[in-house]
>>> print(open('my_file24.txt').read())   # compact mmCIF, C-alpha atoms
# COMPACT_ATOMS: atom_id res chain seq x y z
CA MET H 197 100.98 113.78 92.33
CA ILE H 198 99.93 110.45 93.82
CA PRO H 199 96.12 110.22 94.00
CA PRO H 200 95.08 110.51 97.67
CA LEU H 201 93.16 107.22 97.68
CA LEU H 202 96.10 105.34 96.18
CA GLU H 203 98.41 106.88 98.78
CA ARG H 204 96.08 105.79 101.60
CA LEU H 205 95.98 102.28 100.18
CA LEU H 206 99.77 102.12 99.93
CA ASN H 207 100.26 103.35 103.49
CA ALA H 208 97.81 100.76 104.86
CA PRO H 209 99.44 97.40 105.66
CA GLY H 210 98.00 94.29 104.04
CA PRO H 211 100.18 91.17 104.28
CA SER H 212 98.73 87.98 102.85
CA GLY H 213 96.18 86.69 105.34
CA GLN H 214 96.09 89.98 107.28
CA GLU H 215 94.68 92.35 104.66
CA GLU H 216 92.02 93.91 106.92
CA LEU H 217 93.49 97.42 107.26
CA ALA H 218 94.05 97.87 103.54
CA ALA H 219 90.67 96.31 102.77
CA GLN H 220 88.94 98.79 105.09
CA VAL H 221 90.43 101.72 103.18
CA TRP H 222 89.22 100.16 99.92
CA ARG H 223 85.71 99.43 101.20
CA ASP H 224 85.25 102.90 102.67
CA ALA H 225 86.10 104.45 99.31
CA ALA H 226 83.91 102.03 97.36
CA ARG H 227 80.87 102.72 99.55
CA GLU H 228 80.85 106.29 98.25
CA PHE H 229 79.39 105.12 94.94
CA GLY H 230 78.27 101.48 95.11
CA GLU H 231 77.10 98.43 97.02
CA VAL H 232 80.06 96.79 98.79
CA SER H 233 80.29 93.15 99.83
CA SER H 234 82.97 90.89 101.30
CA ASP H 235 83.55 87.22 102.01
CA VAL H 236 85.00 85.14 104.82
CA LEU H 237 88.49 85.24 103.30
CA GLY H 238 88.51 89.05 103.37
CA SER H 239 88.10 89.87 99.68
CA SER H 240 85.91 92.87 98.78
CA TRP H 241 83.87 93.87 95.77
CA VAL H 242 81.67 96.75 94.66
CA ARG H 243 78.86 96.43 92.10
CA VAL H 244 77.76 99.00 89.53
CA PRO H 245 74.46 98.05 87.83
CA GLY H 246 74.37 97.73 84.06
CA ASN H 247 72.01 99.77 81.92
CA ALA H 248 71.39 97.58 78.87
CA GLY H 249 71.51 93.89 79.78
CA GLY H 250 75.12 93.31 78.79
CA PRO H 251 77.41 90.70 80.38
CA LEU H 252 78.83 91.04 83.88
CA LEU H 253 82.43 92.28 83.87
CA ALA H 254 84.66 91.70 86.92
CA ILE H 255 87.88 93.69 87.36
CA VAL H 256 90.13 91.86 89.80
CA GLY H 257 93.22 93.20 91.59
CA HIS H 258 94.79 91.65 94.66
CA ILE H 259 95.23 93.82 97.73
CA ASP H 260 97.74 91.71 99.68
CA GLU H 261 101.48 92.35 99.74
CA ILE H 262 104.66 90.44 100.46
CA SER H 263 105.85 90.52 104.07
CA VAL H 264 107.70 88.58 106.75
CA VAL H 265 106.13 86.54 109.54
CA VAL H 266 107.39 85.82 113.06
CA THR H 267 108.03 82.10 113.58
CA HIS H 268 109.78 82.07 116.98
CA ILE H 269 110.55 84.37 119.90
CA ALA H 270 113.83 83.58 121.64
CA ASP H 271 114.60 84.07 125.31
CA ASP H 272 116.82 87.04 124.45
CA GLY H 273 113.85 88.82 122.83
CA ILE H 274 114.97 88.33 119.22
CA LEU H 275 112.28 87.32 116.70
CA ALA H 276 112.95 84.70 114.03
CA ILE H 277 111.24 85.43 110.70
CA ARG H 278 110.42 83.80 107.37
CA GLN H 279 108.90 85.26 104.22
CA LEU H 280 105.27 85.43 103.15
CA GLY H 281 105.46 85.47 99.38
CA GLY H 282 108.50 85.06 97.21
CA PHE H 283 111.30 87.62 97.43
CA ASP H 284 115.02 87.97 97.96
CA PRO H 285 116.01 88.15 101.66
CA ARG H 286 118.50 90.90 100.81
CA THR H 287 115.60 93.31 100.33
CA VAL H 288 114.73 93.33 104.05
CA VAL H 289 118.22 93.37 105.57
CA ALA H 290 118.79 96.52 107.67
CA GLN H 291 115.25 97.79 107.07
CA ARG H 292 112.94 99.48 109.55
CA ILE H 293 109.73 97.50 109.91
CA GLU H 294 106.34 97.57 111.58
CA LEU H 295 104.92 94.46 113.21
CA LEU H 296 101.15 94.05 113.09
CA THR H 297 100.09 92.76 116.49
CA ARG H 298 96.80 92.34 118.38
CA ASP H 299 97.52 95.58 120.26
CA GLY H 300 98.61 97.62 117.24
CA ARG H 301 101.85 98.28 115.37
CA VAL H 302 105.21 97.60 116.99
CA PRO H 303 108.34 99.12 115.41
CA GLY H 304 111.51 97.13 114.88
CA VAL H 305 114.54 96.62 112.68
CA VAL H 306 115.77 93.65 110.66
CA GLY H 307 119.20 92.39 111.60
CA ALA H 308 121.35 89.63 110.18
CA ARG H 309 123.44 86.90 111.74
CA LYS H 310 127.13 87.83 111.86
CA GLN H 311 129.10 85.82 109.33
CA LYS H 312 132.41 84.28 110.34
CA ARG H 313 134.77 84.17 107.38
CA LYS H 314 138.45 84.21 106.70
CA ARG H 315 140.26 87.18 105.22
CA GLY H 316 139.67 87.27 101.48
CA ASP H 317 136.55 85.06 101.54
CA ASP H 318 133.45 86.45 99.90
CA PRO H 319 130.39 86.73 102.15
CA ARG H 320 127.77 84.09 101.44
CA PRO H 321 124.28 85.16 100.36
CA TYR H 322 121.79 85.75 103.14
CA GLU H 323 119.01 83.24 103.72
CA PHE H 324 115.92 83.98 105.79
CA GLU H 325 117.39 81.70 108.48
CA ASP H 326 120.07 84.39 108.92
CA LEU H 327 117.62 87.23 109.54
CA PHE H 328 115.75 88.35 112.64
CA ILE H 329 113.73 91.24 114.00
CA ASP H 330 114.91 93.30 116.96
CA ILE H 331 112.16 95.32 118.68
CA GLY H 332 114.43 96.45 121.52
CA ALA H 333 112.99 93.98 124.04
CA LYS H 334 115.23 93.27 127.01
CA ASP H 335 114.30 89.58 127.04
CA GLY H 336 111.89 86.98 125.70
CA GLU H 337 109.27 87.68 128.33
CA GLU H 338 108.96 91.30 127.26
CA ALA H 339 108.97 90.38 123.56
CA ARG H 340 106.25 87.74 124.07
CA SER H 341 104.07 90.29 125.86
CA LEU H 342 104.06 92.35 122.65
CA VAL H 343 104.38 89.87 119.77
CA ARG H 344 103.06 86.40 118.98
CA PRO H 345 104.28 83.87 116.43
CA GLY H 346 102.28 84.42 113.27
CA ASP H 347 102.37 88.22 113.55
CA THR H 348 103.48 89.74 110.26
CA ALA H 349 105.72 92.71 109.53
CA ILE H 350 105.96 95.17 106.66
CA ILE H 351 108.69 97.58 105.66
CA ALA H 352 108.14 100.99 107.24
CA GLY H 353 108.00 104.00 104.95
CA SER H 354 105.67 106.14 102.85
CA PRO H 355 105.46 106.46 99.05
CA LEU H 356 108.18 108.62 97.52
CA GLU H 357 107.44 110.90 94.58
CA LEU H 358 110.12 110.93 91.90
CA ARG H 359 110.63 112.90 88.70
CA ASN H 360 108.56 112.51 85.51
CA ASN H 361 105.33 111.52 87.26
CA ARG H 362 106.98 108.43 88.77
CA PHE H 363 106.96 107.27 92.35
CA ALA H 364 108.29 104.44 94.51
CA SER H 365 106.62 102.49 97.29
CA ARG H 366 106.30 99.10 98.91
CA SER H 367 103.12 97.15 98.09
CA LEU H 368 102.60 98.57 94.59
CA ASP H 369 102.38 94.86 93.76
CA ASN H 370 99.49 94.79 93.82
CA ARG H 371 97.74 97.46 95.87
CA ILE H 372 97.77 99.37 92.63
CA GLY H 373 95.67 96.68 90.93
CA SER H 374 93.01 96.92 93.63
CA TYR H 375 93.06 100.70 93.18
CA VAL H 376 92.49 100.34 89.44
CA ALA H 377 89.59 97.94 90.01
CA LEU H 378 87.92 100.44 92.35
CA GLU H 379 88.61 103.46 90.15
CA VAL H 380 87.23 101.74 87.05
CA ALA H 381 84.02 100.94 88.91
CA ARG H 382 83.82 104.52 90.20
CA ARG H 383 84.18 106.04 86.74
CA VAL H 384 81.69 103.62 85.20
CA ALA H 385 79.20 104.58 87.92
CA ALA H 386 79.83 108.30 87.32
CA ALA H 387 79.14 107.78 83.61
CA GLY H 388 75.75 106.24 84.34
CA GLY H 389 76.88 102.63 84.06
CA ALA H 390 77.96 100.36 81.23
CA PRO H 391 75.84 97.97 79.13
CA GLY H 392 76.44 95.22 81.69
CA GLU H 393 77.06 95.17 85.41
CA VAL H 394 80.61 96.02 86.45
CA ALA H 395 82.15 94.63 89.64
CA GLY H 396 85.46 95.92 90.96
CA ALA H 397 87.19 93.48 93.30
CA ALA H 398 90.08 93.66 95.78
CA VAL H 399 91.08 90.06 96.46
CA VAL H 400 93.32 88.48 99.07
CA GLN H 401 96.15 85.94 99.28
CA GLU H 402 97.62 86.18 95.80
CA GLU H 403 101.21 86.48 96.98
CA VAL H 404 101.19 83.15 98.83
CA GLY H 405 100.53 81.35 95.58
CA ASP H 406 97.08 79.78 95.77
CA PHE H 407 95.02 82.73 94.43
CA ALA H 408 92.46 82.05 97.16
CA GLY H 409 90.68 85.39 96.93
CA SER H 410 90.27 85.38 93.17
CA ARG H 411 88.98 81.80 93.25
CA THR H 412 86.18 82.62 95.70
CA ILE H 413 85.34 85.97 94.07
CA ALA H 414 84.97 84.40 90.63
CA PHE H 415 82.78 81.65 92.07
CA GLU H 416 80.59 84.17 93.87
CA LEU H 417 80.20 86.73 91.07
CA GLU H 418 79.97 84.32 88.11
CA PRO H 419 81.26 86.94 85.64
CA ALA H 420 80.96 86.39 81.91
CA VAL H 421 84.11 88.47 81.38
CA ALA H 422 86.99 89.23 83.74
CA ILE H 423 90.03 91.47 83.59
CA ALA H 424 92.80 90.81 86.08
CA VAL H 425 94.95 93.86 86.84
CA ASP H 426 98.48 93.36 88.09
CA VAL H 427 102.03 94.59 87.55
CA THR H 428 104.69 93.27 85.21
CA HIS H 429 108.46 93.60 85.17
CA ALA H 430 109.49 96.81 83.41
CA THR H 431 112.26 96.05 80.95
CA ASP H 432 113.87 99.51 80.97
CA VAL H 433 116.21 98.42 83.77
CA ARG H 434 119.69 96.91 83.83
CA GLY H 435 119.74 93.20 83.02
CA ALA H 436 116.27 92.97 81.48
CA ASP H 437 115.77 90.83 78.38
CA PRO H 438 113.06 92.18 76.05
CA GLU H 439 113.48 89.17 73.73
CA ASP H 440 112.26 86.92 76.54
CA GLU H 441 109.96 89.24 78.46
CA GLY H 442 108.72 91.66 75.81
CA GLU H 443 109.43 95.38 75.97
CA HIS H 444 107.52 97.19 78.70
CA LYS H 445 108.86 100.60 79.68
CA LEU H 446 107.67 103.02 82.31
CA GLY H 447 105.39 105.37 80.40
CA GLY H 448 104.87 102.81 77.65
CA GLY H 449 101.28 102.10 78.64
CA PRO H 450 99.39 98.99 79.74
CA ALA H 451 100.81 95.55 78.94
CA LEU H 452 98.20 93.21 77.43
CA MET H 453 98.78 89.50 77.96
CA ARG H 454 98.50 86.92 75.19
CA GLY H 455 98.81 83.22 75.92
CA PRO H 456 96.99 79.90 76.26
CA SER H 457 94.91 80.87 79.30
CA MET H 458 93.94 84.33 78.03
CA HIS H 459 90.83 84.52 75.85
CA PRO H 460 91.89 85.72 72.37
CA ARG H 461 88.71 87.74 71.81
CA ILE H 462 89.25 89.60 75.08
CA PHE H 463 92.81 90.44 74.01
CA ASP H 464 91.61 91.63 70.61
CA LEU H 465 88.86 93.75 72.13
CA LEU H 466 91.28 95.32 74.62
CA TYR H 467 93.75 96.03 71.80
CA GLU H 468 91.05 97.51 69.56
CA THR H 469 89.81 99.65 72.44
CA ALA H 470 93.31 100.98 73.10
CA GLU H 471 93.70 101.91 69.43
CA ALA H 472 90.33 103.67 69.38
CA GLU H 473 91.12 105.60 72.58
CA GLY H 474 94.68 106.51 71.58
CA ILE H 475 96.16 104.60 74.51
CA PRO H 476 99.67 103.17 73.98
CA VAL H 477 99.98 99.48 74.85
CA THR H 478 102.56 96.72 74.73
CA VAL H 479 102.02 92.99 74.34
CA GLU H 480 103.18 90.48 76.93
CA VAL H 481 103.38 86.79 76.07
CA SER H 482 102.77 83.90 78.45
CA ARG H 483 103.57 80.32 77.53
CA GLY H 484 101.21 78.78 80.09
CA HIS H 485 100.32 80.25 83.45
CA THR H 486 100.46 84.00 84.03
CA ASN H 487 101.26 83.71 87.76
CA THR H 488 98.47 86.20 88.49
CA ASP H 489 94.86 86.03 89.64
CA ALA H 490 93.90 85.46 86.02
CA ASP H 491 95.06 81.85 86.40
CA ALA H 492 92.30 81.16 88.93
CA VAL H 493 89.57 83.30 87.39
CA TYR H 494 89.61 81.84 83.89
CA LEU H 495 89.03 78.32 85.27
CA SER H 496 86.12 79.23 87.55
CA ARG H 497 82.96 77.13 87.15
CA VAL H 498 82.63 76.39 83.39
CA GLY H 499 85.27 78.99 82.48
CA VAL H 500 85.44 82.78 82.24
CA ALA H 501 86.57 84.81 79.24
CA THR H 502 89.57 86.46 80.89
CA GLY H 503 92.18 89.07 80.05
CA LEU H 504 95.19 90.39 81.92
CA VAL H 505 96.23 94.04 81.89
CA SER H 506 99.47 94.91 83.68
CA ILE H 507 101.31 98.06 84.73
CA PRO H 508 105.07 98.15 84.07
CA LEU H 509 106.92 98.19 87.39
CA ARG H 510 110.60 98.42 88.29
CA TYR H 511 112.22 96.56 91.22
CA MET H 512 109.36 94.14 91.89
CA HIS H 513 109.06 92.66 95.40
CA THR H 514 111.27 95.29 96.99
CA PRO H 515 110.45 98.27 99.23
CA VAL H 516 111.12 100.63 96.26
CA GLU H 517 108.80 99.30 93.56
CA THR H 518 108.49 102.08 90.98
CA VAL H 519 105.77 102.95 88.45
CA GLN H 520 104.71 105.89 86.29
CA LEU H 521 101.31 107.36 87.04
CA ASP H 522 100.57 107.85 83.32
CA ASP H 523 100.49 104.05 82.96
CA VAL H 524 98.08 103.70 85.88
CA GLU H 525 95.74 106.29 84.38
CA ASN H 526 95.89 104.62 80.97
CA VAL H 527 95.00 101.23 82.43
CA ILE H 528 91.94 102.79 84.07
CA ARG H 529 90.92 104.57 80.85
CA LEU H 530 91.37 101.39 78.83
CA ILE H 531 89.20 99.20 81.05
CA VAL H 532 86.48 101.86 81.42
CA ALA H 533 86.25 102.10 77.62
CA PHE H 534 86.39 98.30 77.31
CA ALA H 535 83.40 97.96 79.67
CA GLN H 536 81.32 100.15 77.37
CA ARG H 537 81.94 97.75 74.46
CA LEU H 538 80.37 94.74 76.19
CA GLU H 539 77.00 95.07 74.51
CA PRO H 540 74.08 92.67 75.01
CA GLY H 541 74.47 89.53 72.94
CA ILE H 542 78.24 89.69 72.67
CA SER H 543 79.61 86.14 72.60
CA PHE H 544 82.96 84.71 73.64
CA ALA H 545 82.12 81.12 72.66
CA ARG H 546 84.98 79.30 70.92
>>> encode(input="my_file24.txt", output="structure tokens")
Amino acid sequence: MIPPLLERLLNAPGPSGQEELAAQVWRDAAREFGEVSSDVLGSSWVRVPGNAGGPLLAIVGHIDEISVVVTHIADDGILAIRQLGGFDPRTVVAQRIELLTRDGRVPGVVGARKQKRKRGDDPRPYEFEDLFIDIGAKDGEEARSLVRPGDTAIIAGSPLELRNNRFASRSLDNRIGSYVALEVARRVAAAGGAPGEVAGAAVVQEEVGDFAGSRTIAFELEPAVAIAVDVTHATDVRGADPEDEGEHKLGGGPALMRGPSMHPRIFDLLYETAEAEGIPVTVEVSRGHTNTDADAVYLSRVGVATGLVSIPLRYMHTPVETVQLDDVENVIRLIVAFAQRLEPGISFAR
């Protein structure tokens, strides 16, 4: 069964730059056990005091999701759209959507330009220039009374429970990371704290590529240690290449990143913790950037000892992203146990 808080987070819209509704769900839950703060970009964090003078640990998951944005409203009432974040335009064709406007949510559907082709010709791939939103407006005047350029839209639909403790939803990338960050902080607080302060963070604007939220959070918190939580491509799907991507199956446990930007001692400590706790893990290898919030956090100020823990996910950047709840629970357990190992005096100097 999907945890109720995670389901509320997934149902709340949070396109990059318009994360307020999802952030409010996160903050309301975090206030139940800790001190909650936010910044002008819209990122949120909750602090759990340490009990032994250990280093500050930040757990960072981004709360924004991919979406489309209205760029023009035509006189016939049709809305031109482009993407926010990187994804295949085929994933939104013929979908029901919800526009986020100043007066609330407006329903619509995504249509596609009719292709003229000769008999026997293959249809050409869709581009975003071919797609549009139809809200049923009779003309541009009516459409403009409801929608403005810059309004974003998400796919409509609730999470769907599947067999074997799996479920599908839009926005698992990476609403689930923000959920993990909050749940780790909650469990640390319930246990009476960890040696050092623990801060769970839900950051904004990861999907648009500049990691804005994680940059400002890391600057504000000045953590000694950080764990970014995100999703990674599950390789138990058709066309995956474990030799290139590693082998990360649903139910296979957290994926721990190794690579130039990831601190080797953090990786080792995460791996040792997983072994001690009986948590299955896989190893993911980066050859430079990780393309996650970790890329911004590890370079903050004079540098932060950073690790990346990911949840295997099928069908990334589609409305049917799929995970196994056992992996989510194991990521939480792993980071909670990791926090307890950050004793006073521990050093990550190299």
>>> closest_residue(input="my_file24.txt", among="H:Leu378, H:Ala385, H:Val400, H:Leu202", to="Phe229 (chain H)", atoms="all atoms listed in the file")
H:Ala385
>>> atom_distance(input="my_file24.txt", atom1="CA of Ala390 (chain H)", atom2="CA of Leu495 (chain H)")
25.0 Å
>>> residues_around(input="my_file24.txt", residues="region 538-542 of chain H", least_positions_apart="6", cutoff="8 Å", atoms="only C-alpha atoms", output="JSON, numbers by chain")
{"H": [248, 249, 250, 251, 390, 391, 392]}
>>> residues_around(input="my_file24.txt", residues="region 358-371 of chain H", least_positions_apart="3", cutoff="7 Å", atoms="all atoms listed in the file", output="list in words")
Leu205, Leu206, Gly257, His258, Ile259, Asp260, Glu261, Ser354, Pro355, Ser374, Tyr375, Asp426, Val427, Thr514, Pro515, Val516, Glu517, Thr518, Val519, Gln520 and Leu521 of chain H
>>> closest_atom_pairs(input="my_file24.txt", of="region 230-285 of chain H", to="region 413-424 of chain H", cutoff="9 Å", atoms="all atoms listed in the file", output="CSV")
residue,atom,partner,partner_atom,distance
H:Asp235,CA,H:Ile413,CA,8.2
H:Ser239,CA,H:Ile413,CA,7.4
H:Ser240,CA,H:Ile413,CA,8.4
H:Trp241,CA,H:Ile413,CA,8.2
H:Pro251,CA,H:Ala420,CA,5.8
H:Leu252,CA,H:Pro419,CA,5.1
H:Leu253,CA,H:Val421,CA,4.9
H:Ala254,CA,H:Ala422,CA,4.7
H:Ile255,CA,H:Ile423,CA,4.9
H:Val256,CA,H:Ala424,CA,4.7
H:Gly257,CA,H:Ala424,CA,6.0
H:His258,CA,H:Ala424,CA,8.8
>>> write_last_selection(input="my_file24.txt", atoms="C-alpha atoms", output="PDB file, keeping the file's coordinate frame")
ATOM      1  CA  ASP H 235      83.550  87.220 102.010  1.00  0.00           C
ATOM      2  CA  SER H 239      88.100  89.870  99.680  1.00  0.00           C
ATOM      3  CA  SER H 240      85.910  92.870  98.780  1.00  0.00           C
ATOM      4  CA  TRP H 241      83.870  93.870  95.770  1.00  0.00           C
ATOM      5  CA  PRO H 251      77.410  90.700  80.380  1.00  0.00           C
ATOM      6  CA  LEU H 252      78.830  91.040  83.880  1.00  0.00           C
ATOM      7  CA  LEU H 253      82.430  92.280  83.870  1.00  0.00           C
ATOM      8  CA  ALA H 254      84.660  91.700  86.920  1.00  0.00           C
ATOM      9  CA  ILE H 255      87.880  93.690  87.360  1.00  0.00           C
ATOM     10  CA  VAL H 256      90.130  91.860  89.800  1.00  0.00           C
ATOM     11  CA  GLY H 257      93.220  93.200  91.590  1.00  0.00           C
ATOM     12  CA  HIS H 258      94.790  91.650  94.660  1.00  0.00           C
TER      13      HIS H 258
END
>>> atom_distance(input="my_file24.txt", atom1="CA of Glu439 (chain H)", atom2="CA of Ser482 (chain H)")
12.8 Å
>>> residues_around(input="my_file24.txt", residues="His444 (chain H)", least_positions_apart="4", cutoff="12 Å", atoms="all atoms listed in the file", output="ChimeraX atom specification")
/H:427-433,436-440,448-453,476-481,506-510,519-520,523
>>> residues_around(input="my_file24.txt", residues="Ile274 (chain H)", least_positions_apart="4", cutoff="7 Å", atoms="all atoms listed in the file", output="VMD selection string")
chain H and resid 269 to 270 328 to 330
>>> decode(input="my_file24.txt", residues="region 394-414 of chain H", atoms="C-alpha atoms", output="PDB file, in the first residue's frame")
ATOM      1  CA  VAL H 394      20.075  15.962  10.360  1.00  0.00           C
ATOM      2  CA  ALA H 395      18.351  18.194   7.809  1.00  0.00           C
ATOM      3  CA  GLY H 396      15.863  16.797   5.316  1.00  0.00           C
ATOM      4  CA  ALA H 397      15.398  19.004   2.263  1.00  0.00           C
ATOM      5  CA  ALA H 398      12.884  19.223  -0.598  1.00  0.00           C
ATOM      6  CA  VAL H 399      14.533  21.356  -3.261  1.00  0.00           C
ATOM      7  CA  VAL H 400      13.208  23.000  -6.409  1.00  0.00           C
ATOM      8  CA  GLN H 401      14.136  23.362 -10.080  1.00  0.00           C
ATOM      9  CA  GLU H 402      16.214  20.239 -10.629  1.00  0.00           C
ATOM     10  CA  GLU H 403      14.415  19.202 -13.806  1.00  0.00           C
ATOM     11  CA  VAL H 404      15.254  22.409 -15.669  1.00  0.00           C
ATOM     12  CA  GLY H 405      18.931  21.635 -15.364  1.00  0.00           C
ATOM     13  CA  ASP H 406      20.526  24.264 -13.152  1.00  0.00           C
ATOM     14  CA  PHE H 407      20.004  22.567  -9.750  1.00  0.00           C
ATOM     15  CA  ALA H 408      18.980  25.946  -8.328  1.00  0.00           C
ATOM     16  CA  GLY H 409      17.329  24.622  -5.187  1.00  0.00           C
ATOM     17  CA  SER H 410      20.159  22.328  -4.174  1.00  0.00           C
ATOM     18  CA  ARG H 411      22.705  25.102  -4.745  1.00  0.00           C
ATOM     19  CA  THR H 412      20.960  27.505  -2.371  1.00  0.00           C
ATOM     20  CA  ILE H 413      20.122  24.823   0.213  1.00  0.00           C
ATOM     21  CA  ALA H 414      23.735  23.646   0.408  1.00  0.00           C
TER      22      ALA H 414
END
